[in-house]
$ cat structure-v2.csv   # CSV, C-alpha atoms
chain,number,residue,atom,x,y,z
A,20,MET,CA,31.1,42.9,-35.7
A,21,ALA,CA,29.0,40.1,-34.1
A,22,ARG,CA,30.0,36.6,-35.3
A,23,ALA,CA,27.4,34.8,-37.3
A,24,GLN,CA,26.1,31.6,-35.7
A,25,ALA,CA,27.0,28.5,-37.5
A,26,ALA,CA,24.2,26.6,-39.1
A,27,LEU,CA,23.1,23.4,-37.3
A,28,ARG,CA,24.2,20.2,-39.1
A,29,VAL,CA,21.1,18.0,-39.3
A,30,VAL,CA,20.4,14.4,-40.5
A,31,PHE,CA,16.8,13.9,-41.6
A,32,ALA,CA,15.2,10.4,-41.5
A,33,GLU,CA,12.0,9.9,-43.3
A,34,ASP,CA,10.9,6.8,-45.4
A,35,ASN,CA,8.3,8.7,-47.5
A,36,TYR,CA,10.0,10.1,-50.6
A,37,LEU,CA,7.8,13.1,-51.1
A,38,MET,CA,7.9,14.1,-47.4
A,39,ARG,CA,11.7,13.6,-47.4
A,40,GLU,CA,12.4,15.6,-50.5
A,41,GLY,CA,9.8,18.3,-49.7
A,42,THR,CA,11.2,18.9,-46.3
A,43,ALA,CA,14.8,19.0,-47.7
A,44,ALA,CA,13.6,21.7,-50.2
A,45,LEU,CA,12.1,23.8,-47.3
A,46,PHE,CA,15.3,23.5,-45.2
A,47,ALA,CA,17.4,24.6,-48.2
A,48,GLU,CA,15.9,28.1,-47.7
A,49,VAL,CA,16.8,28.2,-44.0
A,50,ALA,CA,20.2,29.7,-43.1
A,51,GLU,CA,20.2,28.2,-39.6
A,52,ILE,CA,20.1,24.5,-40.8
A,53,THR,CA,22.3,22.5,-43.1
A,54,LEU,CA,21.0,19.0,-44.0
A,55,VAL,CA,24.1,16.8,-44.1
A,56,ARG,CA,22.3,13.6,-45.1
A,57,LEU,CA,18.8,12.2,-45.9
A,58,VAL,CA,18.1,8.6,-44.8
A,59,GLU,CA,15.1,6.3,-45.1
A,60,GLU,CA,15.4,3.8,-42.2
A,61,PRO,CA,16.9,3.4,-38.7
A,62,GLY,CA,20.0,1.5,-39.6
A,63,ALA,CA,21.1,4.2,-42.1
A,64,LEU,CA,20.3,6.9,-39.5
A,65,ILE,CA,22.5,5.4,-36.9
A,66,ALA,CA,25.3,4.9,-39.5
A,67,ALA,CA,24.9,8.6,-40.5
A,68,VAL,CA,25.1,9.8,-36.9
A,69,ALA,CA,28.2,7.7,-36.3
A,70,GLU,CA,29.9,9.0,-39.4
A,71,LEU,CA,28.9,12.6,-39.4
A,72,ALA,CA,28.4,13.5,-35.7
A,73,PRO,CA,25.6,16.0,-36.6
A,74,ASP,CA,24.3,18.6,-34.2
A,75,ALA,CA,20.8,17.2,-34.4
A,76,VAL,CA,18.6,14.5,-35.9
A,77,LEU,CA,15.1,15.0,-37.2
A,78,THR,CA,13.3,11.7,-37.6
A,79,ASP,CA,9.9,10.3,-38.4
A,80,ILE,CA,8.3,8.2,-35.6
A,81,ARG,CA,7.1,5.4,-38.0
A,82,MET,CA,9.8,3.8,-40.1
A,83,PRO,CA,10.7,0.4,-41.5
A,84,PRO,CA,10.4,-2.4,-40.7
A,85,THR,CA,7.3,-2.3,-38.5
A,86,TYR,CA,6.2,1.3,-39.0
A,87,THR,CA,5.4,1.7,-35.3
A,88,VAL,CA,7.8,3.3,-32.9
A,89,GLU,CA,11.2,2.9,-34.7
A,90,GLY,CA,11.8,6.7,-34.4
A,91,ILE,CA,11.4,6.6,-30.6
A,92,THR,CA,13.7,3.5,-30.3
A,93,VAL,CA,16.4,5.1,-32.5
A,94,ALA,CA,16.1,8.5,-30.8
A,95,LYS,CA,16.8,7.0,-27.4
A,96,ARG,CA,19.7,5.0,-28.8
A,97,ILE,CA,21.2,8.1,-30.3
A,98,ARG,CA,20.9,10.0,-27.1
A,99,ALA,CA,22.6,7.2,-25.2
A,100,GLU,CA,25.4,6.5,-27.6
A,101,TYR,CA,25.9,10.0,-29.1
A,102,PRO,CA,25.0,12.5,-26.3
A,103,GLY,CA,26.3,15.4,-28.4
A,104,THR,CA,23.5,15.0,-30.9
A,105,GLY,CA,20.0,16.2,-30.1
A,106,VAL,CA,16.9,14.5,-31.5
A,107,VAL,CA,13.5,15.7,-32.6
A,108,VAL,CA,10.9,13.0,-33.4
A,109,LEU,CA,8.0,13.8,-35.8
A,110,SER,CA,4.6,12.3,-35.4
A,111,GLN,CA,1.6,12.5,-37.7
A,112,TYR,CA,-0.9,12.5,-34.8
A,113,VAL,CA,-1.2,13.7,-31.2
A,114,GLU,CA,0.0,10.6,-29.4
A,115,PRO,CA,0.7,11.4,-25.7
A,116,ASP,CA,1.6,7.7,-24.9
A,117,TYR,CA,4.4,8.0,-27.5
A,118,ALA,CA,5.6,11.3,-26.1
A,119,TYR,CA,5.8,9.8,-22.6
A,120,GLU,CA,7.7,6.7,-23.9
A,121,LEU,CA,10.2,9.0,-25.7
A,122,LEU,CA,10.8,11.2,-22.6
A,123,ALA,CA,10.4,8.7,-19.8
A,124,ASP,CA,14.2,8.2,-19.3
A,125,GLY,CA,14.9,11.9,-19.4
A,126,VAL,CA,13.9,14.9,-21.6
A,127,ALA,CA,17.4,16.4,-22.2
A,128,GLY,CA,18.2,16.7,-25.9
A,129,LEU,CA,14.9,15.3,-27.0
A,130,GLY,CA,11.8,16.8,-28.8
A,131,TYR,CA,8.4,15.5,-30.0
A,132,LEU,CA,6.6,17.5,-32.6
A,133,LEU,CA,3.8,17.0,-35.0
A,134,LYS,CA,4.7,16.7,-38.7
A,135,GLU,CA,2.6,19.8,-39.5
A,136,ARG,CA,5.3,21.9,-37.8
A,137,VAL,CA,7.6,21.2,-40.8
A,138,ALA,CA,5.8,23.9,-42.7
A,139,GLN,CA,6.4,26.2,-39.7
A,140,LEU,CA,10.1,26.5,-40.1
A,141,ASP,CA,10.7,28.8,-37.2
A,142,GLU,CA,9.2,26.2,-34.9
A,143,ILE,CA,11.3,23.4,-36.3
A,144,VAL,CA,14.5,25.6,-36.1
A,145,ARG,CA,13.7,26.5,-32.5
A,146,ALA,CA,13.1,22.9,-31.5
A,147,LEU,CA,16.4,21.7,-33.2
A,148,GLN,CA,18.3,24.5,-31.5
A,149,ASP,CA,16.8,23.7,-28.1
A,150,VAL,CA,17.7,20.0,-28.3
A,151,CYS,CA,21.2,20.8,-29.5
A,152,ARG,CA,21.7,22.8,-26.2
A,153,GLY,CA,20.4,19.9,-24.1
A,154,GLY,CA,16.9,21.3,-23.8
A,155,SER,CA,13.6,19.7,-24.8
A,156,ALA,CA,10.7,20.5,-27.1
A,157,LEU,CA,7.2,19.2,-26.9
A,158,ASP,CA,4.5,20.2,-29.4
A,159,PRO,CA,1.9,22.6,-28.0
A,160,LYS,CA,-0.9,20.4,-29.5
A,161,VAL,CA,0.4,17.4,-27.6
A,162,VAL,CA,0.4,19.5,-24.4
A,163,GLU,CA,-3.2,20.6,-25.2
A,164,GLY,CA,-4.2,17.0,-25.7
A,165,LEU,CA,-2.7,16.0,-22.4
A,166,LEU,CA,-4.5,18.8,-20.6
A,167,ALA,CA,-7.8,17.7,-22.1
A,168,ARG,CA,-7.2,14.1,-20.9
A,169,ARG,CA,-6.1,15.2,-17.5
A,170,SER,CA,-9.3,17.1,-16.9
A,171,ALA,CA,-11.3,13.9,-17.2
A,172,ASP,CA,-9.1,12.0,-14.7
A,173,ALA,CA,-10.2,12.7,-11.1
A,174,THR,CA,-7.1,10.8,-9.8
A,175,SER,CA,-4.5,12.9,-11.6
A,176,PRO,CA,-1.7,14.2,-9.3
A,177,LEU,CA,-2.0,17.5,-11.2
A,178,ASN,CA,-5.5,18.2,-10.0
A,179,GLY,CA,-4.1,19.9,-6.9
A,180,LEU,CA,-2.4,22.6,-9.0
A,181,THR,CA,-3.9,26.0,-9.5
A,182,GLY,CA,-4.8,27.1,-13.0
A,183,ARG,CA,-1.7,29.4,-13.1
A,184,GLU,CA,0.5,26.6,-11.9
A,185,LEU,CA,-0.8,24.3,-14.7
A,186,GLU,CA,-0.1,27.1,-17.2
A,187,VAL,CA,3.5,27.3,-16.0
A,188,LEU,CA,3.8,23.5,-16.1
A,189,GLU,CA,2.4,23.5,-19.6
A,190,GLN,CA,5.1,26.0,-20.7
A,191,MET,CA,7.8,23.9,-18.9
A,192,ALA,CA,6.6,20.8,-20.8
A,193,THR,CA,7.3,22.6,-24.1
A,194,GLY,CA,10.9,23.1,-23.0
A,195,ARG,CA,10.8,26.8,-22.2
A,196,SER,CA,13.2,28.3,-19.6
A,197,ASN,CA,11.9,30.4,-16.6
A,198,ALA,CA,12.8,33.6,-18.5
A,199,ALA,CA,10.9,32.4,-21.6
A,200,ILE,CA,7.9,31.4,-19.5
A,201,ALA,CA,7.9,34.8,-17.9
A,202,ARG,CA,7.9,36.6,-21.2
A,203,ARG,CA,5.1,34.4,-22.7
A,204,MET,CA,2.9,34.7,-19.6
A,205,TYR,CA,3.6,38.4,-18.9
A,206,LEU,CA,4.9,37.6,-15.4
A,207,SER,CA,8.1,38.4,-13.6
A,208,GLU,CA,10.7,35.7,-13.4
A,209,ARG,CA,10.3,35.8,-9.6
A,210,ALA,CA,6.6,35.0,-10.0
A,211,VAL,CA,7.4,32.1,-12.3
A,212,GLU,CA,9.9,30.8,-9.8
A,213,LYS,CA,7.3,30.9,-7.1
A,214,HIS,CA,4.8,29.0,-9.2
A,215,ILE,CA,7.4,26.4,-10.0
A,216,SER,CA,8.4,26.0,-6.4
A,217,SER,CA,4.7,25.6,-5.4
A,218,LEU,CA,4.0,23.0,-8.0
A,219,PHE,CA,7.2,21.1,-7.1
A,220,GLN,CA,5.8,20.9,-3.5
A,221,LYS,CA,2.4,19.8,-4.6
A,222,LEU,CA,3.8,17.1,-6.8
A,223,ASN,CA,6.0,15.9,-3.9
A,224,LEU,CA,9.2,16.5,-5.8
A,225,LEU,CA,12.1,16.7,-3.4
A,226,PRO,CA,14.9,19.3,-3.9
A,227,GLU,CA,17.4,17.0,-5.7
A,228,GLY,CA,18.4,19.8,-8.2
A,229,ASP,CA,16.2,22.1,-10.2
A,230,VAL,CA,16.9,20.4,-13.5
A,231,ASN,CA,16.0,17.0,-12.2
A,232,ARG,CA,12.8,18.3,-10.6
A,233,ARG,CA,11.8,20.1,-13.8
A,234,VAL,CA,12.2,16.8,-15.7
A,235,ALA,CA,10.2,14.9,-13.0
A,236,ALA,CA,7.4,17.6,-13.2
A,237,VAL,CA,7.2,17.3,-17.0
A,238,LEU,CA,7.1,13.5,-16.8
A,239,ALA,CA,4.3,13.8,-14.1
A,240,PHE,CA,2.4,15.9,-16.6
A,241,LEU,CA,3.0,13.5,-19.4
A,242,LYS,CA,2.1,10.4,-17.3
A,243,ALA,CA,-1.1,12.0,-16.2
A,244,GLY,CA,-2.1,12.6,-19.8
A,245,THR,CA,-1.4,9.0,-20.8
A,246,ALA,CA,-3.8,7.5,-18.2
A,247,THR,CA,-6.8,5.8,-19.8

$ encode --input "structure-v2.csv" --output "structure tokens"
Amino acid sequence: MARAQAALRVVFAEDNYLMREGTAALFAEVAEITLVRLVEEPGALIAAVAELAPDAVLTDIRMPPTYTVEGITVAKRIRAEYPGTGVVVLSQYVEPDYAYELLADGVAGLGYLLKERVAQLDEIVRALQDVCRGGSALDPKVVEGLLARRSADATSPLNGLTGRELEVLEQMATGRSNAAIARRMYLSERAVEKHISSLFQKLNLLPEGDVNRRVAAVLAFLKAGTAT
């Protein structure tokens, strides 16, 4: 008999009481996730991670004391000090600049989703599972926003990519593997590999390891979308 997968142990940080308790109630119905602590501010979040060593953290981007980017700051600190814990940051709005700031030092173990995804539990579960494995997760609406902004920028380094290559890069930006991209786009894995190799060349990403180049490609995508 197949062994059941253990539930992910998650710490959730959210200063709004209704959002915090409502999300906890939703997660109580999900077998894949166990909330081990609810906290309201960054200091308590760091303390909970240090004490409990959770598999993942789900945190709001705006928390006390300034209600600006505390979630990004604490996410990067957790990834640096507790690399075994993945982090997904939740934002109320599509904010490509914040997504780039979060992922600029590396995408491994990090995710950026819109708060509306909380009601779509399968999306949240997938993102938490991905960051726990060292992958990444970027909300599709953020990717769409980046594409819209990119199209208005004649100097974007992504303008040399074909439509299909942009589609593949968009899928890479959401954290999908080659196999997952192939399934979603109805392509063979070999075709996906060819598109990725081509976009690496066009973005002048030297062969320093496939993982590093994937990160660099996603960051190029994000950076292009943050241009004003």

$ residues_around --input "structure-v2.csv" --residues "range 32-44 of chain A" --least-positions-apart "4" --cutoff "9 Å" --atoms "only C-alpha atoms" --output "ChimeraX atom specification"
/A:48,54,56-61,63-64,76-83,90,137-138

$ closest_residue --input "structure-v2.csv" --among "A:Leu133, A:Leu27, A:Val211, A:Leu206" --to "Val113 in chain A" --atoms "all atoms listed in the file"
A:Leu133

$ atom_distance --input "structure-v2.csv" --atom1 "CA of Leu132 in chain A" --atom2 "CA of Glu208 in chain A"
26.8 Å

$ atom_distance --input "structure-v2.csv" --atom1 "CA of Arg145 in chain A" --atom2 "CA of Val126 in chain A"
15.9 Å

$ closest_atom_pairs --input "structure-v2.csv" --of "range 67-121 of chain A" --to "range 153-165 of chain A" --cutoff "8 Å" --atoms "all atoms listed in the file" --output "JSON lines"
{"residue": "A:Gly105", "atom": "CA", "partner": "A:Gly153", "partner_atom": "CA", "distance": 7.1}
{"residue": "A:Val107", "atom": "CA", "partner": "A:Ala156", "partner_atom": "CA", "distance": 7.8}
{"residue": "A:Val113", "atom": "CA", "partner": "A:Val161", "partner_atom": "CA", "distance": 5.4}
{"residue": "A:Glu114", "atom": "CA", "partner": "A:Val161", "partner_atom": "CA", "distance": 7.0}
{"residue": "A:Pro115", "atom": "CA", "partner": "A:Val161", "partner_atom": "CA", "distance": 6.3}

$ residues_around --input "structure-v2.csv" --residues "range 215-224 of chain A" --least-positions-apart "5" --cutoff "8 Å" --atoms "all atoms listed in the file" --output "ChimeraX atom specification"
/A:176-177,179-180,184,187-188,232,235-236

$ residues_around --input "structure-v2.csv" --residues "Leu121 in chain A" --least-positions-apart "3" --cutoff "9 Å" --atoms "only C-alpha atoms" --output "list in words"
Ile91, Thr92, Ala94, Lys95, Val108, Asp116, Tyr117, Ala118, Asp124, Gly125, Val126, Leu129, Gly130 and Tyr131 of chain A

$ closest_residue --input "structure-v2.csv" --among "A:Ala47, A:Ala210, A:Leu122, A:Leu147" --to "Ala192 in chain A" --atoms "all atoms listed in the file"
A:Leu122

$ atom_distance --input "structure-v2.csv" --atom1 "CA of Gln148 in chain A" --atom2 "CA of Glu89 in chain A"
23.0 Å

$ closest_residue --input "structure-v2.csv" --among "A:Gly103, A:Thr181, A:Ala199, A:Gly194" --to "Ala146 in chain A" --atoms "only C-alpha atoms"
A:Gly194

$ closest_residue --input "structure-v2.csv" --among "A:Asn178, A:Ser207, A:Thr87, A:Thr104" --to "Ala69 in chain A" --atoms "all atoms listed in the file"
A:Thr104

$ residues_around --input "structure-v2.csv" --residues "Glu51 in chain A" --least-positions-apart "3" --cutoff "9 Å" --atoms "only C-alpha atoms" --output "PyMOL selection string"
chain A and resi 24-28+46+144

$ axis_aligned_box --input "structure-v2.csv" --around "range 105-115 of chain A" --padding-each-side "4 Å" --output "AutoDock Vina command-line options"
--center_x 9.4 --center_y 13.4 --center_z -31.7 --size_x 29.2 --size_y 13.6 --size_z 20.0

$ build_atoms --input "structure-v2.csv" --residues "range 70-81 of chain A" --atoms "all heavy atoms" --output "short mmCIF file (atom, residue, chain, number, x, y, z; two decimals), keeping the file's coordinate frame"
data_model
loop_
_atom_site.label_atom_id
_atom_site.label_comp_id
_atom_site.auth_asym_id
_atom_site.auth_seq_id
_atom_site.Cartn_x
_atom_site.Cartn_y
_atom_site.Cartn_z
N GLU A 70 28.95 8.44 -38.45
CA GLU A 70 29.90 9.00 -39.40
C GLU A 70 30.06 10.49 -39.35
O GLU A 70 31.17 11.02 -39.39
CB GLU A 70 29.51 8.57 -40.83
CG GLU A 70 30.40 9.15 -41.92
CD GLU A 70 29.85 8.91 -43.31
OE1 GLU A 70 28.92 8.08 -43.46
OE2 GLU A 70 30.36 9.56 -44.26
N LEU A 71 28.94 11.18 -39.22
CA LEU A 71 28.90 12.60 -39.40
C LEU A 71 28.89 13.43 -38.11
O LEU A 71 29.18 14.63 -38.12
CB LEU A 71 27.73 13.03 -40.27
CG LEU A 71 27.68 12.40 -41.66
CD1 LEU A 71 26.34 12.70 -42.32
CD2 LEU A 71 28.83 12.90 -42.51
N ALA A 72 28.53 12.79 -36.98
CA ALA A 72 28.40 13.50 -35.70
C ALA A 72 27.62 14.81 -35.87
O ALA A 72 28.13 15.89 -35.57
CB ALA A 72 29.77 13.77 -35.09
N PRO A 73 26.37 14.73 -36.34
CA PRO A 73 25.60 16.00 -36.60
C PRO A 73 25.20 16.62 -35.25
O PRO A 73 25.25 16.00 -34.18
CB PRO A 73 24.35 15.43 -37.30
CG PRO A 73 24.18 14.04 -36.77
CD PRO A 73 25.58 13.52 -36.62
N ASP A 74 24.81 17.88 -35.35
CA ASP A 74 24.30 18.60 -34.20
C ASP A 74 22.97 18.04 -33.73
O ASP A 74 22.66 17.98 -32.54
CB ASP A 74 24.17 20.08 -34.46
CG ASP A 74 25.49 20.72 -34.84
OD1 ASP A 74 26.45 20.59 -34.07
OD2 ASP A 74 25.56 21.34 -35.92
N ALA A 75 22.15 17.65 -34.72
CA ALA A 75 20.80 17.20 -34.40
C ALA A 75 20.30 16.23 -35.47
O ALA A 75 20.80 16.19 -36.60
CB ALA A 75 19.84 18.38 -34.30
N VAL A 76 19.30 15.46 -35.06
CA VAL A 76 18.60 14.50 -35.90
C VAL A 76 17.12 14.90 -35.92
O VAL A 76 16.55 15.20 -34.87
CB VAL A 76 18.77 13.08 -35.48
CG1 VAL A 76 17.73 12.16 -36.11
CG2 VAL A 76 20.18 12.59 -35.80
N LEU A 77 16.50 14.88 -37.10
CA LEU A 77 15.10 15.00 -37.20
C LEU A 77 14.56 13.73 -37.83
O LEU A 77 14.99 13.35 -38.92
CB LEU A 77 14.73 16.22 -38.14
CG LEU A 77 13.26 16.61 -38.28
CD1 LEU A 77 12.69 17.11 -36.95
CD2 LEU A 77 13.10 17.69 -39.36
N THR A 78 13.68 13.02 -37.12
CA THR A 78 13.30 11.70 -37.60
C THR A 78 11.79 11.45 -37.46
O THR A 78 11.16 11.88 -36.49
CB THR A 78 14.05 10.59 -36.81
OG1 THR A 78 13.60 9.29 -37.25
CG2 THR A 78 13.81 10.68 -35.31
N ASP A 79 11.24 10.76 -38.44
CA ASP A 79 9.90 10.30 -38.40
C ASP A 79 9.74 9.27 -37.28
O ASP A 79 10.70 8.55 -36.98
CB ASP A 79 9.44 9.73 -39.73
CG ASP A 79 7.96 9.40 -39.80
OD1 ASP A 79 7.19 9.90 -38.95
OD2 ASP A 79 7.57 8.66 -40.71
N ILE A 80 8.55 9.17 -36.68
CA ILE A 80 8.30 8.20 -35.60
C ILE A 80 8.11 6.78 -36.20
O ILE A 80 8.51 5.78 -35.61
CB ILE A 80 7.17 8.58 -34.70
CG1 ILE A 80 7.20 7.80 -33.40
CG2 ILE A 80 5.83 8.42 -35.39
CD1 ILE A 80 6.20 8.29 -32.37
N ARG A 81 7.46 6.70 -37.37
CA ARG A 81 7.10 5.40 -38.00
C ARG A 81 8.01 5.17 -39.20
O ARG A 81 7.90 5.87 -40.20
CB ARG A 81 5.65 5.39 -38.40
CG ARG A 81 4.67 5.63 -37.25
CD ARG A 81 3.24 5.64 -37.76
NE ARG A 81 2.30 6.07 -36.74
CZ ARG A 81 1.75 5.29 -35.82
NH1 ARG A 81 2.06 4.00 -35.81
NH2 ARG A 81 0.90 5.76 -34.93
#
